[in-house]
Structures are given as structure tokens and as C-alpha cells.
>>> print(open('structure_16.txt').read())   # compact mmCIF, C-alpha atoms (C1' of nucleotides)
# COMPACT_ATOMS: atom_id res chain seq x y z
CA MET A 1 -6.12 25.66 -45.09
CA GLU A 2 -7.55 22.19 -44.90
CA LYS A 3 -9.38 21.39 -41.72
CA ILE A 4 -8.86 18.63 -39.23
CA VAL A 5 -10.47 17.85 -35.92
CA ALA A 6 -8.34 16.47 -33.12
CA ILE A 7 -10.00 14.63 -30.27
CA VAL A 8 -7.84 14.45 -27.19
CA GLY A 9 -8.17 13.53 -23.53
CA PRO A 10 -7.14 10.96 -20.98
CA THR A 11 -7.54 7.24 -21.42
CA ALA A 12 -11.03 5.84 -20.75
CA VAL A 13 -12.73 9.18 -21.18
CA GLY A 14 -14.57 8.00 -24.27
CA LYS A 15 -12.73 9.54 -27.21
CA SER A 16 -13.40 6.79 -29.71
CA ASP A 17 -17.16 7.06 -29.42
CA ILE A 18 -17.15 10.78 -29.88
CA ALA A 19 -14.88 10.47 -32.89
CA VAL A 20 -17.31 8.06 -34.51
CA GLU A 21 -20.24 10.37 -33.75
CA ILE A 22 -18.51 13.31 -35.35
CA ALA A 23 -17.45 11.22 -38.30
CA LEU A 24 -21.00 10.07 -38.87
CA SER A 25 -22.32 13.62 -38.72
CA TYR A 26 -19.73 15.33 -40.87
CA ASN A 27 -18.50 12.76 -43.32
CA GLY A 28 -15.37 12.06 -41.35
CA GLU A 29 -12.76 9.37 -41.19
CA VAL A 30 -10.87 8.58 -38.03
CA VAL A 31 -7.10 8.69 -37.88
CA SER A 32 -6.03 6.92 -34.72
CA ALA A 33 -3.23 8.62 -32.82
CA ASP A 34 -2.28 6.00 -30.33
CA SER A 35 1.23 4.72 -29.95
CA ARG A 36 0.07 1.24 -28.95
CA GLN A 37 -2.90 0.70 -31.21
CA VAL A 38 -0.60 0.87 -34.20
CA TYR A 39 0.56 -2.63 -33.29
CA GLN A 40 -1.03 -5.80 -34.56
CA GLY A 41 -2.35 -8.08 -31.86
CA LEU A 42 -2.52 -5.46 -29.12
CA ASP A 43 -6.29 -5.30 -29.15
CA ILE A 44 -8.00 -5.71 -25.82
CA GLY A 45 -5.12 -4.30 -23.84
CA SER A 46 -4.73 -1.21 -25.95
CA GLY A 47 -8.46 -0.61 -26.15
CA LYS A 48 -8.56 -0.83 -29.89
CA ILE A 49 -11.94 -0.02 -31.35
CA THR A 50 -13.84 -3.03 -32.68
CA GLN A 51 -15.33 -3.41 -36.11
CA SER A 52 -18.87 -2.99 -34.83
CA GLU A 53 -17.97 0.05 -32.73
CA MET A 54 -16.65 1.71 -35.87
CA ARG A 55 -20.20 1.76 -37.24
CA GLY A 56 -18.93 1.85 -40.77
CA VAL A 57 -16.61 4.78 -40.25
CA PRO A 58 -13.19 4.16 -41.79
CA HIS A 59 -10.39 4.03 -39.21
CA HIS A 60 -6.76 4.47 -40.10
CA LEU A 61 -3.38 3.72 -38.54
CA LEU A 62 -4.51 0.72 -36.56
CA ASP A 63 -2.59 -2.56 -36.89
CA ILE A 64 0.11 -1.13 -39.10
CA ALA A 65 3.16 -2.34 -37.20
CA ASP A 66 4.64 -5.49 -35.75
CA PRO A 67 4.87 -5.19 -31.97
CA LYS A 68 8.33 -6.70 -32.08
CA ASP A 69 9.54 -3.56 -33.85
CA THR A 70 9.63 -0.11 -32.38
CA TYR A 71 7.24 2.20 -34.11
CA SER A 72 8.45 5.77 -34.03
CA LEU A 73 7.04 9.24 -33.97
CA LYS A 74 8.71 9.88 -37.29
CA SER A 75 6.80 7.03 -38.92
CA PHE A 76 3.60 8.18 -37.35
CA ILE A 77 3.95 11.68 -38.71
CA GLU A 78 4.59 10.33 -42.18
CA HIS A 79 1.74 7.83 -42.12
CA ALA A 80 -0.74 10.23 -40.60
CA THR A 81 0.15 13.05 -42.92
CA SER A 82 -0.31 10.93 -45.97
CA VAL A 83 -3.57 9.45 -44.75
CA ILE A 84 -4.91 12.90 -43.91
CA LYS A 85 -3.98 14.10 -47.35
CA HIS A 86 -5.84 11.21 -48.87
CA ILE A 87 -8.94 11.90 -46.78
CA HIS A 88 -8.88 15.53 -47.82
CA THR A 89 -8.63 14.54 -51.44
CA GLN A 90 -11.86 12.64 -51.03
CA GLY A 91 -13.47 15.69 -49.57
CA SER A 92 -13.88 14.09 -46.16
CA LEU A 93 -12.98 15.32 -42.71
CA PRO A 94 -9.98 13.75 -40.99
CA ILE A 95 -10.53 13.24 -37.26
CA LEU A 96 -7.33 12.65 -35.36
CA CYS A 97 -8.27 10.77 -32.26
CA GLY A 98 -6.07 9.31 -29.60
CA GLY A 99 -4.31 9.56 -26.34
CA THR A 100 -0.76 10.04 -27.52
CA GLY A 101 -0.43 13.78 -27.23
CA LEU A 102 2.99 13.99 -28.77
CA TYR A 103 1.81 12.18 -31.89
CA ILE A 104 -1.19 14.43 -32.32
CA ASP A 105 0.63 17.68 -31.73
CA SER A 106 3.47 16.72 -34.00
CA VAL A 107 1.07 16.06 -36.87
CA VAL A 108 -1.05 19.11 -36.19
CA ASN A 109 1.99 21.36 -35.95
CA GLY A 110 3.65 19.83 -38.95
CA ALA A 111 6.81 18.87 -37.11
CA GLN A 112 9.67 18.09 -39.45
CA LEU A 113 11.81 15.38 -37.97
CA PRO A 114 15.16 14.34 -39.30
CA ALA A 115 15.24 10.70 -40.26
CA VAL A 116 17.28 9.18 -37.51
CA PRO A 117 15.95 5.70 -36.91
CA PRO A 118 16.60 3.92 -33.62
CA ASN A 119 20.16 2.67 -33.38
CA GLU A 120 19.73 -0.29 -31.09
CA LYS A 121 23.41 -0.97 -30.82
CA LEU A 122 24.19 2.56 -29.76
CA ARG A 123 21.27 2.59 -27.36
CA ALA A 124 22.44 -0.58 -25.68
CA GLU A 125 25.92 0.85 -25.41
CA LEU A 126 24.81 4.20 -24.03
CA SER A 127 22.40 2.69 -21.54
CA GLN A 128 25.40 1.25 -19.72
CA LYS A 129 26.33 4.76 -18.72
CA ASN A 130 24.72 6.75 -15.95
CA THR A 131 22.98 10.06 -16.56
CA GLU A 132 25.95 12.13 -15.49
CA GLU A 133 28.19 10.40 -17.98
CA LEU A 134 25.60 10.76 -20.70
CA TYR A 135 25.21 14.41 -19.97
CA ALA A 136 28.97 14.95 -20.01
CA LEU A 137 29.09 13.23 -23.37
CA LEU A 138 26.33 15.40 -24.75
CA LEU A 139 27.94 18.54 -23.41
CA GLU A 140 31.07 17.63 -25.24
CA LYS A 141 29.35 16.90 -28.54
CA ASP A 142 26.54 19.46 -28.69
CA LYS A 143 26.72 22.22 -26.15
CA LYS A 144 23.61 23.89 -27.41
CA ARG A 145 21.38 20.89 -26.97
CA ALA A 146 22.98 20.20 -23.61
CA GLN A 147 21.84 23.57 -22.36
CA THR A 148 18.16 22.89 -22.85
CA ILE A 149 17.93 19.18 -22.21
CA ASP A 150 16.62 17.60 -19.02
CA ARG A 151 19.95 16.32 -17.78
CA HIS A 152 18.41 13.70 -15.50
CA ASN A 153 16.48 12.02 -18.24
CA PRO A 154 18.43 9.13 -19.78
CA ARG A 155 15.87 8.58 -22.54
CA ARG A 156 16.32 12.06 -23.88
CA LEU A 157 20.06 12.08 -23.42
CA ILE A 158 20.40 8.86 -25.34
CA ARG A 159 18.11 10.04 -28.11
CA ALA A 160 20.05 13.28 -28.43
CA LEU A 161 23.31 11.38 -28.67
CA GLU A 162 21.74 9.07 -31.20
CA ILE A 163 20.82 12.02 -33.40
CA ILE A 164 24.28 13.49 -33.01
CA GLU A 165 25.82 10.18 -33.98
CA ALA A 166 23.86 10.31 -37.24
CA LEU A 167 23.80 14.01 -38.03
CA GLY A 168 26.56 15.61 -36.02
CA SER A 169 24.27 17.81 -33.95
CA VAL A 170 20.69 18.21 -32.82
CA GLU A 171 19.15 21.00 -34.80
CA PRO A 172 16.06 22.79 -33.57
CA LEU A 173 12.86 21.24 -34.82
CA SER A 174 11.21 23.00 -37.64
CA GLN A 175 7.46 23.18 -37.72
CA GLU A 176 5.13 24.10 -40.46
CA LYS A 177 1.44 24.38 -39.72
CA THR A 178 -0.52 23.07 -42.60
CA TYR A 179 -3.95 22.50 -41.12
CA ASP A 180 -6.73 24.51 -39.62
CA THR A 181 -7.27 22.47 -36.48
CA LEU A 182 -10.07 22.23 -33.96
CA TYR A 183 -8.92 20.61 -30.73
CA VAL A 184 -11.77 18.96 -28.88
CA GLY A 185 -10.65 17.96 -25.39
CA LEU A 186 -12.70 15.45 -23.43
CA ILE A 187 -12.62 15.66 -19.68
CA LEU A 188 -14.37 14.06 -16.69
CA PRO A 189 -14.25 14.69 -12.94
CA THR A 190 -11.41 12.63 -11.52
CA GLU A 191 -13.59 10.20 -9.54
CA GLU A 192 -15.69 9.52 -12.56
CA LEU A 193 -12.67 8.90 -14.72
CA HIS A 194 -11.21 6.58 -12.12
CA ALA A 195 -14.46 4.66 -11.93
CA ARG A 196 -14.45 4.30 -15.70
CA ILE A 197 -10.88 3.10 -15.64
CA HIS A 198 -11.79 0.51 -13.04
CA GLU A 199 -14.82 -0.78 -14.92
CA ARG A 200 -12.96 -0.86 -18.16
CA LEU A 201 -10.13 -2.88 -16.69
CA LEU A 202 -12.56 -5.44 -15.27
CA LYS A 203 -14.18 -5.67 -18.66
CA ARG A 204 -10.88 -6.19 -20.39
CA ILE A 205 -9.97 -8.97 -18.02
CA ALA A 206 -13.35 -10.59 -18.56
CA ASN A 207 -12.94 -10.27 -22.31
CA GLY A 208 -9.79 -12.34 -22.38
CA LEU A 209 -6.93 -9.94 -21.83
CA LEU A 210 -4.85 -12.67 -20.24
CA HIS A 211 -5.38 -14.89 -23.25
CA GLU A 212 -4.37 -12.08 -25.58
CA VAL A 213 -1.14 -11.48 -23.71
CA LYS A 214 -0.33 -15.21 -23.59
CA LYS A 215 -0.95 -15.47 -27.29
CA LEU A 216 1.37 -12.57 -28.00
CA HIS A 217 4.05 -14.28 -26.02
CA ASP A 218 3.43 -17.61 -27.76
CA ASN A 219 3.86 -15.78 -31.03
CA GLY A 220 7.30 -14.67 -29.98
CA LEU A 221 6.78 -11.33 -28.29
CA SER A 222 9.24 -11.28 -25.42
CA PHE A 223 8.23 -10.36 -21.89
CA GLU A 224 10.91 -7.75 -22.02
CA ARG A 225 9.25 -6.09 -24.99
CA MET A 226 5.86 -6.32 -23.33
CA GLU A 227 7.21 -4.55 -20.28
CA GLU A 228 8.34 -1.82 -22.60
CA LEU A 229 4.89 -1.54 -24.14
CA GLY A 230 3.57 -0.61 -20.73
CA LEU A 231 0.35 -0.81 -18.75
CA GLU A 232 -1.72 -3.93 -19.53
CA TYR A 233 1.13 -5.63 -21.36
CA LYS A 234 3.73 -4.72 -18.79
CA TYR A 235 1.74 -5.83 -15.77
CA PHE A 236 0.37 -8.98 -17.34
CA ALA A 237 3.90 -9.86 -18.34
CA TYR A 238 4.90 -9.47 -14.69
CA TYR A 239 2.07 -11.77 -13.72
CA LEU A 240 2.96 -14.40 -16.29
CA GLN A 241 6.53 -14.38 -15.05
CA ASN A 242 5.30 -14.79 -11.48
CA LYS A 243 6.73 -11.48 -10.48
CA LEU A 244 3.33 -10.48 -9.09
CA SER A 245 0.20 -12.27 -7.92
CA PHE A 246 -2.89 -11.64 -10.02
CA GLU A 247 -4.38 -9.58 -7.20
CA ASP A 248 -1.32 -7.34 -6.77
CA MET A 249 -0.89 -7.10 -10.50
CA SER A 250 -4.38 -5.81 -11.14
CA VAL A 251 -4.19 -3.29 -8.33
CA GLN A 252 -0.85 -1.95 -9.52
CA LEU A 253 -1.98 -1.92 -13.12
CA GLU A 254 -5.01 0.15 -12.27
CA THR A 255 -2.82 2.62 -10.42
CA ALA A 256 -0.49 2.82 -13.39
CA ILE A 257 -3.40 3.52 -15.72
CA ARG A 258 -4.58 6.34 -13.49
CA GLN A 259 -1.11 7.81 -13.43
CA TYR A 260 -1.01 7.60 -17.18
CA ALA A 261 -4.32 9.42 -17.44
CA LYS A 262 -2.90 12.16 -15.27
CA ARG A 263 0.19 12.54 -17.42
CA GLN A 264 -2.01 12.80 -20.46
CA MET A 265 -3.99 15.57 -18.82
CA THR A 266 -0.80 17.41 -17.94
CA TRP A 267 0.20 17.29 -21.57
CA PHE A 268 -3.13 18.40 -23.01
CA LYS A 269 -3.92 21.04 -20.40
CA ARG A 270 -0.93 23.04 -21.40
CA ASN A 271 -2.22 23.39 -24.94
CA LYS A 272 -4.40 26.49 -24.83
CA GLU A 273 -5.97 25.66 -28.17
CA VAL A 274 -7.86 22.75 -26.65
CA GLU A 275 -11.55 23.38 -26.02
CA TRP A 276 -12.81 21.18 -23.22
CA PHE A 277 -16.10 19.29 -23.10
CA GLU A 278 -17.58 16.48 -21.08
CA PRO A 279 -18.32 13.47 -23.26
CA LYS A 280 -22.00 13.70 -22.37
CA ASP A 281 -22.18 17.10 -24.07
CA LEU A 282 -22.17 15.50 -27.47
CA GLN A 283 -24.66 18.04 -28.73
CA LYS A 284 -22.38 20.96 -27.86
CA ILE A 285 -19.43 19.22 -29.41
CA GLN A 286 -21.33 18.61 -32.61
CA GLU A 287 -22.34 22.25 -32.76
CA ARG A 288 -18.79 23.35 -32.19
CA VAL A 289 -17.57 21.14 -35.01
CA ALA A 290 -20.29 22.51 -37.26
CA SER A 291 -19.27 26.09 -36.65
CA PHE A 292 -15.63 25.18 -37.09
CA LEU A 293 -16.36 23.63 -40.46
CA LEU A 294 -18.16 26.79 -41.56
CA SER A 295 -15.38 29.11 -40.42
CA LYS A 296 -12.81 30.34 -42.89
CA LYS A 297 -9.08 30.44 -42.51
C1' G B 1 -0.80 -17.08 32.14
C1' C B 2 4.65 -16.92 31.39
C1' G B 3 8.48 -15.73 27.90
C1' U B 4 9.87 -13.12 23.69
C1' C B 5 9.87 -9.72 19.57
C1' G B 6 7.42 -5.61 18.02
C1' G B 7 3.89 -1.01 17.81
C1' U B 8 7.17 5.30 13.67
C1' G B 9 4.03 9.91 8.85
C1' G B 10 -1.94 7.45 3.94
C1' C B 11 0.93 2.45 3.42
C1' G B 12 5.65 -0.40 3.65
C1' G B 13 9.94 0.36 6.29
C1' A B 14 14.83 2.93 8.46
C1' G B 15 16.35 5.36 12.76
C1' U B 16 17.88 3.10 18.77
C1' G B 17 19.89 9.65 23.72
C1' G B 18 21.33 15.60 20.80
C1' U B 19 22.80 17.49 13.84
C1' C B 20 14.82 14.12 13.54
C1' A B 21 9.18 16.67 11.17
C1' A B 22 12.21 11.99 11.21
C1' U B 23 16.89 8.06 5.42
C1' C B 24 14.36 5.34 1.71
C1' G B 25 10.40 2.96 -1.28
C1' C B 26 5.11 3.22 -2.60
C1' A B 27 0.76 6.01 -3.06
C1' A B 28 -0.95 11.08 -3.54
C1' C B 29 -0.47 16.14 -5.58
C1' A B 30 1.79 19.51 -9.14
C1' G B 31 4.87 19.80 -13.34
C1' A B 32 8.36 18.88 -17.72
C1' C B 33 8.55 17.00 -22.66
C1' U B 34 13.79 17.67 -29.80
C1' G B 35 10.75 12.68 -31.22
C1' U B 36 11.35 4.84 -27.41
C1' A B 37 5.75 9.02 -25.29
C1' A B 38 1.15 3.41 -22.19
C1' A B 39 7.90 5.83 -22.34
C1' U B 40 11.24 8.93 -19.55
C1' C B 41 12.16 12.72 -16.07
C1' U B 42 11.46 16.87 -12.09
C1' G B 43 9.35 19.14 -7.67
C1' U B 44 6.14 18.89 -3.24
C1' C B 45 4.56 15.67 0.38
C1' G B 46 2.66 16.62 9.63
C1' C B 47 -0.05 21.39 10.76
C1' C B 48 0.14 26.90 10.75
C1' C B 49 2.36 31.57 9.28
C1' U B 50 4.41 35.23 4.13
C1' U B 51 9.36 32.30 0.22
C1' C B 52 13.95 32.94 3.40
C1' G B 53 12.79 31.91 8.08
C1' G B 54 9.76 30.99 12.23
C1' G B 55 5.94 28.67 15.38
C1' C B 56 3.11 24.30 16.88
C1' U B 57 1.87 19.10 17.47
C1' A B 58 4.13 14.42 16.64
C1' C B 59 7.18 8.17 16.61
C1' G B 60 0.79 2.81 20.74
C1' U B 61 -1.11 5.24 25.84
C1' A B 62 0.23 7.36 30.65
C1' G B 63 4.04 8.61 33.70
C1' G B 64 9.37 8.98 34.78
C1' U B 65 14.97 9.73 34.09
C1' U B 66 17.88 13.58 31.46
C1' C B 67 20.20 20.11 29.96
C1' A B 68 18.17 16.97 25.81
C1' A B 69 14.03 10.99 24.39
C1' A B 70 11.21 8.08 18.42
C1' U B 71 15.62 6.38 20.97
C1' C B 72 16.62 4.87 28.37
C1' C B 73 13.11 3.24 32.73
C1' U B 74 8.04 1.80 34.73
C1' A B 75 3.00 0.56 34.10
C1' C B 76 -0.84 -0.25 30.85
C1' C B 77 -3.13 -1.27 25.88
C1' C B 78 -2.59 -3.78 21.11
C1' G B 79 -0.20 -7.45 17.51
C1' G B 80 3.26 -11.68 16.00
C1' C B 81 5.83 -15.89 17.72
C1' G B 82 7.31 -19.71 21.50
C1' C B 83 6.02 -22.39 25.95
C1' A B 84 1.95 -23.68 28.72
>>> encode(input="structure_16.txt", output="C-alpha cells")
Amino acid sequence: MEKIVAIVGPTAVGKSDIAVEIALSYNGEVVSADSRQVYQGLDIGSGKITQSEMRGVPHHLLDIADPKDTYSLKSFIEHATSVIKHIHTQGSLPILCGGTGLYIDSVVNGAQLPAVPPNEKLRAELSQKNTEELYALLLEKDKKRAQTIDRHNPRRLIRALEIIEALGSVEPLSQEKTYDTLYVGLILPTEELHARIHERLLKRIANGLLHEVKKLHDNGLSFERMEELGLEYKYFAYYLQNKLSFEDMSVQLETAIRQYAKRQMTWFKRNKEVEWFEPKDLQKIQERVASFLLSKK
RNA sequence: GCGUCGGUGGCGGAGUGGUCAAUCGCAACAGACUGUAAAUCUGUCGCCCUUCGGGCUACGUAGGUUCAAAUCCUACCCGGCGCA
């Protein structure tokens, strides 16, 4: 099986740097797995790596979508899979690196998704209903899916109904593992991570985050869409609409980023394949990658 | 100084004699994840004991009334506002 390395961990832990280090040592190319960095123009706020930080290492799946459109997991799997294939063909090592756990796992596990693109009309229609109604509807149309779904979660209920609308039912996902994967998890003590989040936010603000968000809006990205994009974009959109003072906005944003980091950890912790390191243990990480590359499977 | 309104859990804020360890929101903590994932959702959230259940301490402080008080009374302390 072809090998890939996946670098995971919470936001602000320092994944990008480590990915570049590994790439430089083992002839790697980075495949970003970040649901926001795929969008053009979301640079400072999404923490997109800069040209100089790349240090000559090719990076893929950045700036491939228009933020006005919804980029989907399905597209990500397709793009990433094809890029990884290409990297393998060149005899290089693909390094999946990013904070979007679902994206990474889906690629690593070879999830096969049915092509059911977002149906905005249906979504708008269904979002008028409350969760009970949605659940009742699902129960009626696909009893099997209804049994396992989180019945309080409108997002999932709507998505399930959307798939049913297109395909008649929600079939179990099929997965086909095609890679030999090393999961490198990066972790820091909570206080340290929080301090990094704080510093990073200040830096982003100093580097012109507000200007970036204004520019996005001037270019036609609605505040509504920005709120959907979350974190920096969501809170700065609140500020620009005078829903929050700058002070309140930055405090709440920082809290939201911390909460996000926690959710990421919850996701990654449950994956027993992940081997955890502190970012400062670069040496150990490098050694682990080396032994992984020598192993046979 | 007088008058007046108020002081409730980490914060905001309900409750105004019994069903109150105290609605709710936030934060915090733990978790889920059939595909919008930086999204969405769930649980816990005074202290102690073993879950059920039980015990203890609590609604500014100190007393009091009452079978029963966060809720009524008195004094004091603190804060806002009005008049001086």
C-alpha cells in the first residue's frame, strides 16, 4: 500500500510547520485538509500558510474554491485523492495536514460518498421545520437511518432528507482503505495552547484581519455567508454590522476558537491510530516518520 | 444626610412564604459525529457520600417572625439613582 502521513491536532498547535519539516526531510508534499483554507481570499483569518513559510514545499488544496459557494466533503475527497495519487506517481510522500478531522479521516479511510450535492432550495424549505417535524419526516421516509441519527440535530436531519430526496434512502457508507497511514497528532497542555491562540489572534488582527474581512465583503461576500464560515469571519462580520463592539467581539472570538480547539481534540482523541507528540519533539516525530517509511505493509 | 431601587451559584439574570440547590442564558467540563464539520448536536455543572437515593452548606451580614424564608420584619454593610 502507498504511504501517507496525516498531521492532526487542534488549531494553533503548529501543524503547518511540522508538515513542512517532514516534507523537507522526506521529499514530501503537503495536502491541506482544512475546510476554510480551500477558499480564495480567506487568508489571515483561516491561518493559511504563506509562500515563504512553505519553504519551497508544494502545498495543495489551498485557494481552490470561491467562498460564495459551499465546498463539500465530497469534493474534498475527490480532490485530495487525485492529488495524493499524483504525488505518489512522482515518488513523493503526501502529507495530509489540517484541522478538519472529518476531511482527513474520510480520505484516509477511503470513504465512498454518493454524489448528492447541496440542494439549497430543499434546505431552505426544510429549515422552516423544527427538529421534531424533521425527525418525523425522516422516520417516515427512511426508518433505518432514523434509528441511528441524532434526532436533535437539524443539520444531520436535513442532510439525511436531502440524500433521500435524491437517492430514495441513506445507504450505509462504504469505506475502502487504500493507504498505509501514519497519524501524527500534535498536542500541547491546555494553558499553552490557549496562550498560543491568544497570541495568534493578536497577530492576525495586527496583520490586517479586519481589512481582509472588509475586502471580502466589498467583493460581494455576504455577512450571512461569513457568519456561516465561522470564527474570525463570523465574529468580524458581527463587528462590521455593529452587533458587537470590537472589545466584546475579540473576547468572544477567542472563546469560540478555544471551543473549536476542544472539539477538534474530541474528534482526534477518539482515533486510536493517532500517535501523539508535542510540537517541540520534532526529532522524535522525524524518527517516527522515518521508521514508518521503512516499514512494510 | 434624607429618599429610593437593588445586593441570588464563575458571570449575566429569573424567582418574591412551602413543590428551590434555586427557570434561563453565558462560560467551564465531558462527549457525539452518514458527509454544510471553523458547522451542528448531547450530557454534566454548590459540596460530600456509592448510580437510585441520601446528607450538608447556601440567595450581602447579623438577628427576628413562622410549622416552613432567597422570598416577611429589624439593624447594619455595600452599590445605582434622585434630592440635598
>>> interface_residues(input="structure_16.txt", of="chain B", to="chain A", cutoff="8 Å", atoms="only C-alpha atoms (C1' of nucleotides)", output="PDB file with C-alpha atoms (C1' of nucleotides), in the frame of the given file")
ATOM      1  C1'   G B  31       4.870  19.800 -13.340  1.00  0.00           C
ATOM      2  C1'   U B  34      13.790  17.670 -29.800  1.00  0.00           C
ATOM      3  C1'   G B  35      10.750  12.680 -31.220  1.00  0.00           C
ATOM      4  C1'   U B  36      11.350   4.840 -27.410  1.00  0.00           C
ATOM      5  C1'   A B  37       5.750   9.020 -25.290  1.00  0.00           C
ATOM      6  C1'   A B  38       1.150   3.410 -22.190  1.00  0.00           C
ATOM      7  C1'   A B  39       7.900   5.830 -22.340  1.00  0.00           C
ATOM      8  C1'   U B  40      11.240   8.930 -19.550  1.00  0.00           C
ATOM      9  C1'   C B  41      12.160  12.720 -16.070  1.00  0.00           C
TER      10        C B  41
END
>>> residues_around(input="structure_16.txt", residues="Ala23 of chain A", least_positions_apart="5", cutoff="8 Å", atoms="all atoms listed in the file", output="ChimeraX atom specification")
/A:28-30,57,93,95
>>> atom_distance(input="structure_16.txt", atom1="atom CA of Ile285 of chain A", atom2="atom CA of Ile18 of chain A")
8.8 Å
>>> atom_distance(input="structure_16.txt", atom1="atom CA of Gln283 of chain A", atom2="atom CA of Thr181 of chain A")
19.5 Å
>>> residues_around(input="structure_16.txt", residues="segment 14-21 of chain B", least_positions_apart="2", cutoff="12 Å", atoms="only C-alpha atoms (C1' of nucleotides)", output="PDB file with C-alpha atoms (C1' of nucleotides), keeping the file's coordinate frame")
ATOM      1  C1'   U B   8       7.170   5.300  13.670  1.00  0.00           C
ATOM      2  C1'   G B   9       4.030   9.910   8.850  1.00  0.00           C
ATOM      3  C1'   G B  12       5.650  -0.400   3.650  1.00  0.00           C
ATOM      4  C1'   U B  23      16.890   8.060   5.420  1.00  0.00           C
ATOM      5  C1'   C B  24      14.360   5.340   1.710  1.00  0.00           C
ATOM      6  C1'   G B  25      10.400   2.960  -1.280  1.00  0.00           C
ATOM      7  C1'   C B  45       4.560  15.670   0.380  1.00  0.00           C
ATOM      8  C1'   G B  46       2.660  16.620   9.630  1.00  0.00           C
ATOM      9  C1'   C B  47      -0.050  21.390  10.760  1.00  0.00           C
ATOM     10  C1'   C B  56       3.110  24.300  16.880  1.00  0.00           C
ATOM     11  C1'   U B  57       1.870  19.100  17.470  1.00  0.00           C
ATOM     12  C1'   A B  58       4.130  14.420  16.640  1.00  0.00           C
ATOM     13  C1'   C B  59       7.180   8.170  16.610  1.00  0.00           C
ATOM     14  C1'   U B  65      14.970   9.730  34.090  1.00  0.00           C
ATOM     15  C1'   U B  66      17.880  13.580  31.460  1.00  0.00           C
ATOM     16  C1'   C B  67      20.200  20.110  29.960  1.00  0.00           C
ATOM     17  C1'   A B  68      18.170  16.970  25.810  1.00  0.00           C
ATOM     18  C1'   A B  69      14.030  10.990  24.390  1.00  0.00           C
ATOM     19  C1'   A B  70      11.210   8.080  18.420  1.00  0.00           C
ATOM     20  C1'   U B  71      15.620   6.380  20.970  1.00  0.00           C
ATOM     21  C1'   C B  72      16.620   4.870  28.370  1.00  0.00           C
TER      22        C B  72
END
>>> atom_distance(input="structure_16.txt", atom1="atom CA of Gly98 of chain A", atom2="atom CA of Tyr26 of chain A")
18.7 Å
>>> residues_near_point(input="structure_16.txt", point="(0.1, 16.4, -4.5)", cutoff="10 Å", atoms="all atoms listed in the file", output="PDB file with C-alpha atoms (C1' of nucleotides), in the coordinates of the input")
ATOM      1  C1'   A B  28      -0.950  11.080  -3.540  1.00  0.00           C
ATOM      2  C1'   C B  29      -0.470  16.140  -5.580  1.00  0.00           C
ATOM      3  C1'   A B  30       1.790  19.510  -9.140  1.00  0.00           C
ATOM      4  C1'   U B  44       6.140  18.890  -3.240  1.00  0.00           C
ATOM      5  C1'   C B  45       4.560  15.670   0.380  1.00  0.00           C
TER       6        C B  45
END
>>> closest_residue(input="structure_16.txt", among="A:Gln252, A:Ser32, A:Ser222, A:Ser16", to="Asp69 of chain A", atoms="only C-alpha atoms")
A:Ser222
>>> closest_residue(input="structure_16.txt", among="B:G7, B:G55, B:G13, B:G1", to="C78 of chain B", atoms="all atoms listed in the file")
B:G7
>>> residues_around(input="structure_16.txt", residues="G82 of chain B", least_positions_apart="3", cutoff="12 Å", atoms="all atoms listed in the file", output="VMD selection string")
chain B and resid 2 to 5
>>> residues_around(input="structure_16.txt", residues="Ala80 of chain A", least_positions_apart="4", cutoff="8 Å", atoms="only C-alpha atoms (C1' of nucleotides)", output="list of chain:residue names")
A:Val31, A:Leu61, A:Phe76, A:Ile84, A:Val107
>>> closest_residue(input="structure_16.txt", among="A:Gly208, A:Gly220, A:Gly185, A:Gly41", to="Glu278 of chain A", atoms="only C-alpha atoms")
A:Gly185
